[in-house]
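A.B. asks: Got a structure for you, data23.cif, holding mmCIF, C-alpha atoms.
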data_structure
#
loop_
_atom_site.label_atom_id
_atom_site.label_comp_id
_atom_site.auth_asym_id
_atom_site.auth_seq_id
_atom_site.Cartn_x
_atom_site.Cartn_y
_atom_site.Cartn_z
CA MET A 1 -31.35 -4.11 -2.75
CA THR A 2 -33.80 -3.59 -5.59
CA THR A 3 -34.60 -0.14 -6.98
CA ASP A 4 -36.04 1.24 -10.19
CA LEU A 5 -32.76 3.04 -10.94
CA HIS A 6 -30.83 2.00 -14.01
CA TYR A 7 -27.35 2.94 -15.18
CA ASP A 8 -25.44 1.65 -18.18
CA ALA A 9 -22.55 2.55 -20.46
CA ALA A 10 -24.60 5.31 -22.10
CA HIS A 11 -25.93 6.56 -18.75
CA PRO A 12 -23.05 6.11 -16.27
CA VAL A 13 -23.13 6.69 -12.54
CA ASP A 14 -22.13 10.32 -11.96
CA ASP A 15 -18.71 10.44 -10.34
CA ARG A 16 -18.49 14.23 -10.14
CA TYR A 17 -19.00 15.93 -6.80
CA THR A 18 -19.44 19.58 -5.88
CA PRO A 19 -19.35 20.37 -2.16
CA PRO A 20 -22.44 22.13 -0.80
CA ALA A 21 -22.36 25.90 -0.44
CA ASN A 22 -20.31 27.04 2.54
CA GLY A 23 -20.27 30.81 2.24
CA GLU A 24 -18.19 30.90 -0.96
CA LEU A 25 -20.43 33.43 -2.70
CA ASP A 26 -20.33 35.90 0.17
CA ALA A 27 -16.57 35.45 0.52
CA LEU A 28 -16.07 35.94 -3.21
CA ALA A 29 -18.20 39.08 -3.11
CA ALA A 30 -15.95 40.44 -0.37
CA VAL A 31 -12.79 39.69 -2.38
CA LEU A 32 -14.27 41.25 -5.50
CA GLY A 33 -15.27 44.29 -3.48
CA ASP A 34 -11.76 44.57 -2.09
CA GLY A 35 -10.43 44.60 -5.64
CA ARG A 36 -7.22 42.69 -4.96
CA LEU A 37 -7.63 39.56 -7.09
CA SER A 38 -4.05 38.50 -7.77
CA GLY A 39 -1.90 35.96 -5.98
CA GLY A 40 -0.62 38.72 -3.72
CA ALA A 41 -3.99 39.40 -2.09
CA PRO A 42 -4.32 38.96 1.71
CA ILE A 43 -6.57 35.90 1.35
CA LEU A 44 -3.60 33.90 0.00
CA ALA A 45 -1.75 34.10 3.33
CA GLU A 46 -4.93 33.17 5.20
CA TYR A 47 -5.51 30.17 2.93
CA GLU A 48 -1.92 28.98 3.23
CA GLN A 49 -1.99 29.26 7.01
CA ALA A 50 -5.25 27.31 7.12
CA LEU A 51 -3.79 24.56 4.92
CA ALA A 52 -0.67 24.29 7.07
CA ALA A 53 -2.79 24.06 10.22
CA TRP A 54 -5.13 21.42 8.77
CA PHE A 55 -2.27 19.16 7.68
CA GLY A 56 -0.08 19.91 10.71
CA VAL A 57 2.96 21.24 8.84
CA ALA A 58 5.08 24.35 9.10
CA ARG A 59 4.40 25.80 5.66
CA ALA A 60 1.96 25.63 2.77
CA ILE A 61 2.46 27.44 -0.55
CA ALA A 62 -0.58 27.83 -2.79
CA VAL A 63 0.06 27.52 -6.53
CA SER A 64 -1.88 27.47 -9.78
CA SER A 65 -2.14 23.67 -10.28
CA GLY A 66 -0.95 20.30 -9.08
CA SER A 67 1.44 20.15 -12.03
CA ALA A 68 2.85 23.53 -11.00
CA ALA A 69 3.31 22.17 -7.47
CA LEU A 70 5.28 19.17 -8.72
CA HIS A 71 7.41 21.25 -11.06
CA ALA A 72 8.23 23.78 -8.36
CA ALA A 73 9.08 21.01 -5.89
CA LEU A 74 11.43 19.36 -8.36
CA VAL A 75 13.18 22.67 -9.07
CA ALA A 76 13.44 23.41 -5.35
CA VAL A 77 15.38 20.20 -4.67
CA GLY A 78 17.74 20.92 -7.54
CA VAL A 79 16.41 18.84 -10.43
CA GLY A 80 17.67 20.06 -13.77
CA PRO A 81 18.92 18.95 -17.19
CA ASP A 82 20.55 15.50 -17.33
CA ASP A 83 19.34 14.61 -13.81
CA GLU A 84 17.22 11.54 -13.14
CA VAL A 85 13.97 11.33 -11.19
CA LEU A 86 12.49 8.05 -10.03
CA VAL A 87 8.76 7.79 -10.76
CA PRO A 88 6.34 4.88 -10.18
CA ALA A 89 5.12 3.02 -13.26
CA THR A 90 1.59 3.63 -11.95
CA ALA A 91 2.00 7.39 -12.35
CA PRO A 92 -0.41 9.22 -14.66
CA ILE A 93 0.90 11.65 -17.24
CA ALA A 94 0.28 14.64 -14.96
CA THR A 95 2.74 13.24 -12.40
CA ALA A 96 5.53 12.61 -14.91
CA MET A 97 5.29 15.62 -17.23
CA PRO A 98 6.90 18.02 -14.70
CA ILE A 99 10.04 15.85 -14.83
CA LEU A 100 10.31 16.55 -18.54
CA THR A 101 9.61 20.24 -17.89
CA CYS A 102 12.81 20.23 -15.82
CA HIS A 103 14.61 18.64 -18.81
CA ALA A 104 15.36 15.70 -16.55
CA THR A 105 15.02 11.97 -17.26
CA PRO A 106 12.17 9.93 -15.75
CA VAL A 107 13.38 6.58 -14.44
CA ILE A 108 10.34 4.36 -14.11
CA VAL A 109 10.24 1.96 -11.16
CA ASP A 110 7.95 -0.95 -10.40
CA THR A 111 5.60 -1.25 -7.44
CA VAL A 112 5.32 -3.86 -4.73
CA PRO A 113 2.94 -6.67 -5.78
CA GLY A 114 -0.66 -5.63 -5.09
CA SER A 115 0.38 -2.20 -3.79
CA LEU A 116 0.99 1.39 -4.87
CA ALA A 117 4.26 1.49 -2.91
CA VAL A 118 7.40 1.51 -5.02
CA ASP A 119 9.43 -1.70 -4.99
CA PRO A 120 12.52 -1.10 -2.82
CA GLN A 121 14.55 -3.67 -4.75
CA ASP A 122 13.79 -1.91 -8.04
CA VAL A 123 14.60 1.44 -6.44
CA ALA A 124 17.95 0.11 -5.26
CA ARG A 125 18.73 -1.14 -8.77
CA LYS A 126 17.88 2.17 -10.43
CA VAL A 127 19.36 4.78 -8.08
CA THR A 128 22.49 6.31 -9.63
CA ASN A 129 24.73 9.28 -8.97
CA ARG A 130 22.43 11.24 -11.33
CA THR A 131 19.29 10.60 -9.25
CA ARG A 132 18.15 13.93 -7.80
CA ALA A 133 14.64 13.09 -6.53
CA ALA A 134 12.03 10.37 -6.28
CA LEU A 135 8.27 10.73 -6.63
CA THR A 136 5.80 8.59 -4.68
CA LEU A 137 2.12 8.32 -5.44
CA PRO A 138 -0.93 7.51 -3.26
CA MET A 139 -3.08 7.06 -6.38
CA TRP A 140 -6.87 7.26 -6.02
CA GLY A 141 -6.31 8.41 -2.44
CA TYR A 142 -4.99 4.98 -1.39
CA PRO A 143 -2.01 4.86 0.96
CA ALA A 144 1.40 4.14 -0.56
CA ASP A 145 3.68 3.08 2.30
CA ASP A 146 7.13 3.65 0.86
CA THR A 147 9.01 3.21 4.14
CA ALA A 148 11.35 0.52 2.80
CA ALA A 149 12.23 2.47 -0.34
CA ALA A 150 12.58 5.68 1.70
CA ALA A 151 15.42 4.16 3.71
CA ILE A 152 17.31 3.32 0.51
CA LEU A 153 16.74 6.78 -0.89
CA ALA A 154 17.77 8.48 2.34
CA ALA A 155 21.05 6.56 2.34
CA ALA A 156 21.64 7.77 -1.21
CA GLY A 157 20.76 11.36 -0.29
CA VAL A 158 17.73 11.42 -2.60
CA PRO A 159 14.73 13.52 -1.42
CA ILE A 160 11.20 12.16 -1.81
CA ILE A 161 8.38 14.27 -3.22
CA GLU A 162 4.89 12.93 -2.58
CA ASP A 163 2.40 13.46 -5.37
CA ALA A 164 -0.64 13.57 -3.09
CA CYS A 165 -2.81 15.31 -5.69
CA GLN A 166 -5.64 12.80 -5.13
CA ALA A 167 -4.89 12.12 -1.47
CA HIS A 168 -6.29 14.98 0.65
CA GLY A 169 -6.87 13.41 4.07
CA THR A 170 -5.37 10.00 3.25
CA ARG A 171 -3.34 8.63 6.15
CA VAL A 172 -0.17 6.56 5.94
CA ARG A 173 1.12 5.11 9.22
CA GLY A 174 -1.13 7.55 11.02
CA ARG A 175 0.18 10.65 9.20
CA TYR A 176 -1.39 12.55 6.36
CA ALA A 177 -0.21 11.70 2.86
CA GLY A 178 1.82 14.65 1.65
CA THR A 179 3.50 15.04 5.05
CA GLN A 180 5.47 11.78 5.10
CA HIS A 181 8.60 13.04 3.40
CA ARG A 182 10.32 16.29 2.53
CA ILE A 183 7.66 17.75 0.25
CA GLY A 184 4.01 17.01 -0.50
CA CYS A 185 2.22 18.26 -3.61
CA PHE A 186 -1.55 18.58 -4.01
CA SER A 187 -4.05 19.58 -6.67
CA THR A 188 -7.30 21.44 -6.09
CA HIS A 189 -8.65 20.69 -9.56
CA ASP A 190 -12.40 20.50 -9.94
CA ARG A 191 -12.44 16.72 -9.36
CA LYS A 192 -10.37 16.70 -6.18
CA LEU A 193 -11.70 16.56 -2.60
CA LEU A 194 -10.77 20.23 -2.12
CA PRO A 195 -11.92 21.71 -5.43
CA THR A 196 -11.21 25.28 -6.50
CA GLY A 197 -11.56 24.72 -10.26
CA GLU A 198 -7.82 24.84 -10.85
CA GLY A 199 -5.08 25.17 -8.26
CA GLY A 200 -2.73 23.32 -5.98
CA PHE A 201 -0.46 23.65 -2.98
CA ILE A 202 2.82 22.41 -1.57
CA LEU A 203 3.46 21.31 2.03
CA THR A 204 6.79 21.12 3.85
CA ASP A 205 8.31 21.45 7.32
CA ASP A 206 11.56 22.78 5.84
CA GLU A 207 11.46 26.57 6.11
CA ASP A 208 14.40 27.14 3.74
CA LEU A 209 12.85 24.86 1.15
CA ALA A 210 9.49 26.60 1.56
CA ASP A 211 11.14 29.97 0.94
CA ARG A 212 12.81 28.65 -2.23
CA ILE A 213 9.46 27.36 -3.50
CA ASP A 214 7.69 30.59 -2.58
CA PHE A 215 10.24 32.76 -4.38
CA TYR A 216 10.39 30.47 -7.42
CA THR A 217 6.59 30.41 -7.84
CA HIS A 218 6.30 34.19 -7.37
CA LEU A 219 8.83 35.37 -9.99
CA ASP A 220 11.44 35.71 -7.24
CA HIS A 221 9.09 38.38 -5.82
CA LEU A 222 10.50 40.62 -8.58
CA ARG A 223 13.85 40.94 -6.84
CA GLY A 224 15.79 39.68 -9.83
CA ASP A 225 18.24 37.64 -7.78
CA HIS A 226 17.13 34.22 -9.05
CA HIS A 227 15.02 32.72 -11.80
CA GLY A 228 11.32 32.33 -11.06
CA VAL A 229 7.98 31.64 -12.71
CA ASN A 230 4.45 32.88 -12.14
CA TYR A 231 2.61 29.97 -10.51
CA LYS A 232 0.59 32.17 -8.17
CA LEU A 233 -2.97 31.17 -7.30
CA ALA A 234 -5.56 33.87 -7.96
CA ALA A 235 -7.35 35.31 -4.94
CA PRO A 236 -10.87 34.15 -5.94
CA LEU A 237 -9.68 30.53 -6.14
CA ALA A 238 -7.89 30.81 -2.80
CA THR A 239 -11.13 32.16 -1.36
CA ILE A 240 -13.04 29.10 -2.55
CA GLY A 241 -10.38 26.76 -1.16
CA HIS A 242 -10.35 28.55 2.19
CA ARG A 243 -14.11 28.15 2.59
CA ARG A 244 -14.22 24.53 1.39
CA LEU A 245 -11.33 23.40 3.58
CA GLY A 246 -13.72 23.61 6.52
CA GLN A 247 -15.87 20.90 4.92
CA LEU A 248 -13.08 18.43 4.22
CA ASN A 249 -13.38 16.38 7.41
CA ASP A 250 -17.12 15.90 6.91
CA GLN A 251 -16.55 14.86 3.31
CA LEU A 252 -13.93 12.29 4.38
CA THR A 253 -16.34 10.84 6.94
CA THR A 254 -19.08 10.44 4.35
CA ARG A 255 -16.80 8.96 1.71
CA ARG A 256 -15.52 6.38 4.19
CA ARG A 257 -19.05 5.52 5.30
CA ASN A 258 -20.18 5.08 1.70
CA ALA A 259 -17.14 2.94 0.91
CA ALA A 260 -17.86 0.72 3.91
CA ARG A 261 -21.41 0.21 2.67
CA LEU A 262 -20.18 -0.97 -0.72
CA LEU A 263 -17.48 -3.16 0.81
CA ASN A 264 -20.15 -4.88 2.89
CA ALA A 265 -21.62 -6.10 -0.39
CA LEU A 266 -18.52 -8.17 -1.14
CA PRO A 267 -19.19 -11.86 -0.53
CA PRO A 268 -16.58 -13.89 1.38
CA ASP A 269 -14.14 -15.55 -1.02
CA GLY A 270 -15.66 -13.67 -3.96
CA ARG A 271 -13.82 -12.50 -7.04
CA LEU A 272 -13.35 -8.92 -5.81
CA ARG A 273 -11.52 -7.44 -2.84
CA GLU A 274 -10.38 -3.98 -1.82
CA LEU A 275 -6.92 -2.77 -2.77
CA GLY A 276 -4.80 -3.46 0.30
CA TYR A 277 -3.30 -1.00 2.78
CA GLY A 278 -1.76 -1.12 6.27
CA ALA A 279 -3.47 -1.28 9.65
CA ASP A 280 -2.46 2.30 10.46
CA ASP A 281 -3.44 3.61 7.03
CA ALA A 282 -6.71 5.10 5.81
CA PRO A 283 -7.75 5.92 2.22
CA ASN A 284 -9.63 9.14 1.60
CA TYR A 285 -11.76 7.25 -0.95
CA TYR A 286 -11.20 9.60 -3.82
CA ALA A 287 -12.50 6.38 -5.32
CA LEU A 288 -13.17 2.96 -3.84
CA VAL A 289 -10.67 0.64 -5.53
CA LEU A 290 -11.35 -3.07 -5.91
CA THR A 291 -9.05 -5.68 -7.42
CA ALA A 292 -9.52 -9.09 -9.00
CA ALA A 293 -7.34 -11.97 -10.12
CA PRO A 294 -6.08 -11.55 -13.71
CA ASP A 295 -8.17 -14.44 -15.05
CA HIS A 296 -11.37 -12.72 -13.87
CA THR A 297 -10.44 -9.18 -14.89
CA ALA A 298 -11.81 -9.02 -18.43
CA GLY A 299 -15.29 -10.22 -17.50
CA ILE A 300 -15.52 -7.97 -14.44
CA ALA A 301 -14.28 -4.95 -16.41
CA GLU A 302 -16.92 -5.64 -19.06
CA GLY A 303 -19.58 -5.96 -16.38
CA PHE A 304 -18.66 -2.72 -14.62
CA THR A 305 -18.49 -0.86 -17.94
CA ALA A 306 -21.91 -2.13 -18.97
CA ALA A 307 -23.22 -0.94 -15.61
CA GLY A 308 -21.93 2.61 -16.17
CA LEU A 309 -18.94 2.12 -13.87
CA PRO A 310 -15.99 1.78 -16.28
CA PRO A 311 -12.56 1.19 -14.72
CA ASP A 312 -9.79 3.69 -15.49
CA SER A 313 -8.13 1.17 -17.80
CA ILE A 314 -11.14 1.46 -20.12
CA ARG A 315 -12.33 4.98 -19.41
CA PHE A 316 -8.92 6.68 -19.68
CA GLY A 317 -6.77 3.96 -21.22
CA TYR A 318 -4.89 3.89 -17.92
CA GLY A 319 -1.86 1.63 -17.74
CA PRO A 320 1.84 1.81 -16.88
CA LEU A 321 3.40 5.18 -17.71
CA TYR A 322 5.66 3.76 -20.41
CA GLN A 323 2.65 2.71 -22.48
CA ARG A 324 2.08 6.39 -23.32
CA PRO A 325 3.95 7.40 -26.49
CA ARG A 326 5.78 10.34 -24.85
CA PHE A 327 7.26 7.99 -22.23
CA ALA A 328 7.86 4.91 -24.36
CA ALA A 329 11.57 5.69 -24.58
CA TYR A 330 11.84 5.22 -20.82
CA ALA A 331 10.15 1.81 -20.78
CA THR A 332 11.46 -0.82 -18.39
CA PRO A 333 9.76 -4.04 -17.28
CA CYS A 334 7.35 -3.36 -14.41
CA PRO A 335 5.21 -6.51 -14.15
CA ASN A 336 3.68 -5.65 -10.78
CA ALA A 337 2.48 -2.25 -11.98
CA GLU A 338 1.19 -3.78 -15.20
CA GLN A 339 -0.93 -6.22 -13.23
CA LEU A 340 -2.14 -3.58 -10.77
CA THR A 341 -3.26 -1.15 -13.47
CA ALA A 342 -5.03 -3.93 -15.39
CA THR A 343 -6.83 -5.51 -12.44
CA THR A 344 -8.20 -2.52 -10.50
CA PHE A 345 -11.76 -1.17 -10.60
CA HIS A 346 -12.68 2.33 -9.45
CA LEU A 347 -16.05 3.19 -7.95
CA PRO A 348 -17.47 6.56 -6.86
CA VAL A 349 -18.41 6.97 -3.18
CA HIS A 350 -18.80 10.76 -2.99
CA PRO A 351 -21.30 12.38 -0.61
CA ALA A 352 -23.82 13.28 -3.31
CA MET A 353 -24.57 9.63 -4.05
CA THR A 354 -28.06 8.76 -2.83
CA ASP A 355 -28.97 5.69 -0.82
CA GLN A 356 -30.67 4.31 -3.90
CA THR A 357 -27.59 4.77 -6.07
CA LEU A 358 -25.31 3.26 -3.45
CA GLY A 359 -27.67 0.30 -3.20
CA TRP A 360 -27.69 -0.10 -6.97
CA VAL A 361 -23.86 -0.04 -7.11
CA ALA A 362 -23.68 -2.51 -4.20
CA ASP A 363 -25.88 -4.93 -6.16
CA ARG A 364 -23.56 -4.69 -9.17
CA ILE A 365 -20.51 -5.33 -6.97
CA ARG A 366 -22.14 -8.33 -5.35
CA ASN A 367 -23.19 -9.86 -8.65
CA LEU A 368 -19.79 -9.45 -10.29
CA ALA A 369 -17.96 -10.71 -7.21
CA GLU A 370 -20.13 -13.81 -7.30
CA GLY A 371 -19.35 -14.39 -10.96
CA GLN A 372 -22.74 -13.24 -12.24
CA ARG A 373 -23.42 -10.66 -14.89
CA SER A 374 -23.86 -7.15 -13.48
#
Kindly present the structure from the file in structure tokens form.
C.D. replies:
Amino acid sequence: MTTDLHYDAAHPVDDRYTPPANGELDALAAVLGDGRLSGGAPILAEYEQALAAWFGVARAIAVSSGSAALHAALVAVGVGPDDEVLVPATAPIATAMPILTCHATPVIVDTVPGSLAVDPQDVARKVTNRTRAALTLPMWGYPADDTAAAAILAAAGVPIIEDACQAHGTRVRGRYAGTQHRIGCFSTHDRKLLPTGEGGFILTDDEDLADRIDFYTHLDHLRGDHHGVNYKLAAPLATIGHRRLGQLNDQLTTRRRNAARLLNALPPDGRLRELGYGADDAPNYYALVLTAAPDHTAGIAEGFTAAGLPPDSIRFGYGPLYQRPRFAAYATPCPNAEQLTATTFHLPVHPAMTDQTLGWVADRIRNLAEGQRS
């Protein structure tokens, strides 16, 4: 497809997306008029009930960020000083920092080759009597089927917390990411599929666990029986989330349609392919993720960057967690994660992308997959 559009490193393709208006301003005016703007306002219960219904779980607890959700979940399952928490080497800083907030030790585990799922053999090697929890991570909204590792962790009595902060609507074995295991944690940061500016929420079917999280994140509801923190979500942000939740299914449909259009540009036996997932899985396409063989990676990364589509490894310096200075002390060989983070390319497919822009990106994909310059 030929257009007169042009993107490059200085003028990148816009990967930000703001959902269209869906009554947020009127709803915000009503909340402001009511005057109750704190995390105890009536809209919070409505928002939480709507989240629980959408994901098909018993309880949802709205909190102030995805990091707050992860921290509260770790505390709720008993993580504390001198405990260990398993975390994938593919985890970004935001996933791992809450472990340190608990004064616990991150134990970094490798992934399955070509997958975001944690390697069950590495999990088995690294589980100890100090392991209190394990984090799993459907990064970029791509399914992480951790069934094999989950069996090992269950036998050891270790609960799994899903960091589904980028995975609203992702399906794993037919179920929503964030509902696979005991707890699911989400972010509603400005860049997520359900954006409220800042915010997050926690999902669980365990009523006792939900109550512990609720009391912990609400200063023990000022009862003074147990320690708690103030991770409440403000009423205006809950109002935005409540309105935008109704658009999430339409957004998922469009993202998947746009991703399919770009995938159709891939030539058979070319240098690029989509990151793999199971037959009963479905990405939400937070980003379309393509992979390449290591010997082609440098040239493709250079081509995408020149085209205004830099991969996370270049844009954010993304790599295995232990390459960050704060986590270097926890380094352990994770060759599969090292290859995955170095050989993935991340492309926007959000609903605001025009036909012309999608066509332009498809041309760049085709050229690079065929070994041409972008």
A.B. asks: Can you tell me, as a ChimeraX atom specification, what residues are no more than 8 Å from segment 75-83 of chain A when counting all atoms listed in the file, ignoring any on the same chain fewer than 2 positions away?
C.D. replies: /A:71-73,85,102-105,130-133,159,209,212-213,216
A.B. asks: Could you tell me which residues the PyMOL selection byres ((chain A and resi 87) around 7) returns for this structure, as a PDB file with C-alpha atoms, in the coordinates of the input?
C.D. replies:
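Output (part.pdb):
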ATOM      1  CA  VAL A  85      13.970  11.330 -11.190  1.00  0.00           C
ATOM      2  CA  LEU A  86      12.490   8.050 -10.030  1.00  0.00           C
ATOM      3  CA  PRO A  88       6.340   4.880 -10.180  1.00  0.00           C
ATOM      4  CA  ALA A  89       5.120   3.020 -13.260  1.00  0.00           C
ATOM      5  CA  ALA A  91       2.000   7.390 -12.350  1.00  0.00           C
ATOM      6  CA  PRO A 106      12.170   9.930 -15.750  1.00  0.00           C
ATOM      7  CA  VAL A 107      13.380   6.580 -14.440  1.00  0.00           C
ATOM      8  CA  ILE A 108      10.340   4.360 -14.110  1.00  0.00           C
ATOM      9  CA  VAL A 109      10.240   1.960 -11.160  1.00  0.00           C
ATOM     10  CA  ALA A 134      12.030  10.370  -6.280  1.00  0.00           C
ATOM     11  CA  LEU A 135       8.270  10.730  -6.630  1.00  0.00           C
ATOM     12  CA  THR A 136       5.800   8.590  -4.680  1.00  0.00           C
TER      13      THR A 136
END
A.B. asks: So, counting only C-alpha atoms, which residue among A:Pro335, A:Gly270, A:Pro236, A:Gly39 is closest to Thr217 of chain A?
C.D. replies: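 Counting only C-alpha atoms, the residue closest to Thr217 of chain A is A:Gly39.
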A.B. asks: Quick one: of A:Pro268, A:Tyr285, A:Leu194, A:Val172, who's nearest to Gln247 of chain A, counting only C-alpha atoms?
C.D. replies: A:Leu194
A.B. asks: Excluding segment 338-345 of chain A and any residue of its chain fewer than 4 positions from it, enumerate the residues within 7 Å of it, using all atoms listed in the file, and give them as a PyMOL selection string.
C.D. replies: chain A and resi 90+114+289-294+297+311+313+318-320+334
A.B. asks: Tell me which of A:Ala352, A:Ile365, A:Ala306, A:Ala164 sits closest to Gly141 of chain A, counting all atoms listed in the file.
C.D. replies: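 Counting all atoms listed in the file, the residue closest to Gly141 of chain A is A:Ala164.
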A.B. asks: Calculated over all atoms listed in the file, which of the candidates A:Arg243, A:Arg256, A:Gln251, A:Pro267 has the smallest distance to Asp26 of chain A?
C.D. replies: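 Looking only at the distances to Asp26 of chain A, the closest residue turns out to be A:Arg243.
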A.B. asks: For Met97 of chain A, which of A:Asp214, A:Arg326, A:Pro143, A:Gly299 is the closest residue, counting only C-alpha atoms?
C.D. replies: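 Between A:Asp214, A:Arg326, A:Pro143, A:Gly299, the residue approaching Met97 of chain A most closely is A:Arg326.
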A.B. asks: For segment 173-198 of chain A against segment 49-66 of chain A, with a cut-off of 10 Å and counting only C-alpha atoms, what is the closest atom pair and its distance in Å to one decimal for every residue that makes the cut, ordered by chain and number, as JSON lines?
C.D. replies:
{"residue": "A:Arg175", "atom": "CA", "partner": "A:Phe55", "partner_atom": "CA", "distance": 9.0}
{"residue": "A:Tyr176", "atom": "CA", "partner": "A:Phe55", "partner_atom": "CA", "distance": 6.8}
{"residue": "A:Ala177", "atom": "CA", "partner": "A:Phe55", "partner_atom": "CA", "distance": 9.1}
{"residue": "A:Gly178", "atom": "CA", "partner": "A:Phe55", "partner_atom": "CA", "distance": 8.6}
{"residue": "A:Thr179", "atom": "CA", "partner": "A:Val57", "partner_atom": "CA", "distance": 7.3}
{"residue": "A:Gly184", "atom": "CA", "partner": "A:Ala60", "partner_atom": "CA", "distance": 9.4}
{"residue": "A:Cys185", "atom": "CA", "partner": "A:Gly66", "partner_atom": "CA", "distance": 6.6}
{"residue": "A:Phe186", "atom": "CA", "partner": "A:Gly66", "partner_atom": "CA", "distance": 5.4}
{"residue": "A:Ser187", "atom": "CA", "partner": "A:Gly66", "partner_atom": "CA", "distance": 4.0}
{"residue": "A:Thr188", "atom": "CA", "partner": "A:Ser65", "partner_atom": "CA", "distance": 7.0}
{"residue": "A:His189", "atom": "CA", "partner": "A:Ser65", "partner_atom": "CA", "distance": 7.2}
{"residue": "A:Thr196", "atom": "CA", "partner": "A:Ser65", "partner_atom": "CA", "distance": 10.0}
{"residue": "A:Gly197", "atom": "CA", "partner": "A:Ser65", "partner_atom": "CA", "distance": 9.5}
{"residue": "A:Glu198", "atom": "CA", "partner": "A:Ser65", "partner_atom": "CA", "distance": 5.8}
A.B. asks: Mind pulling up the distance from atom CA of Arg261 of chain A to atom CA of Ala362 of chain A?
C.D. replies: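 About the pair atom CA of Ala362 of chain A and atom CA of Arg261 of chain A: they are 7.7 Å apart.
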A.B. asks: Which residues are close to Arg271 of chain A, i.e. within 8 Å by all atoms listed in the file, leaving aside same-chain residues fewer than 5 positions away? Reply as number ranges by chain.
C.D. replies: A: 292-293, 296, 368-371
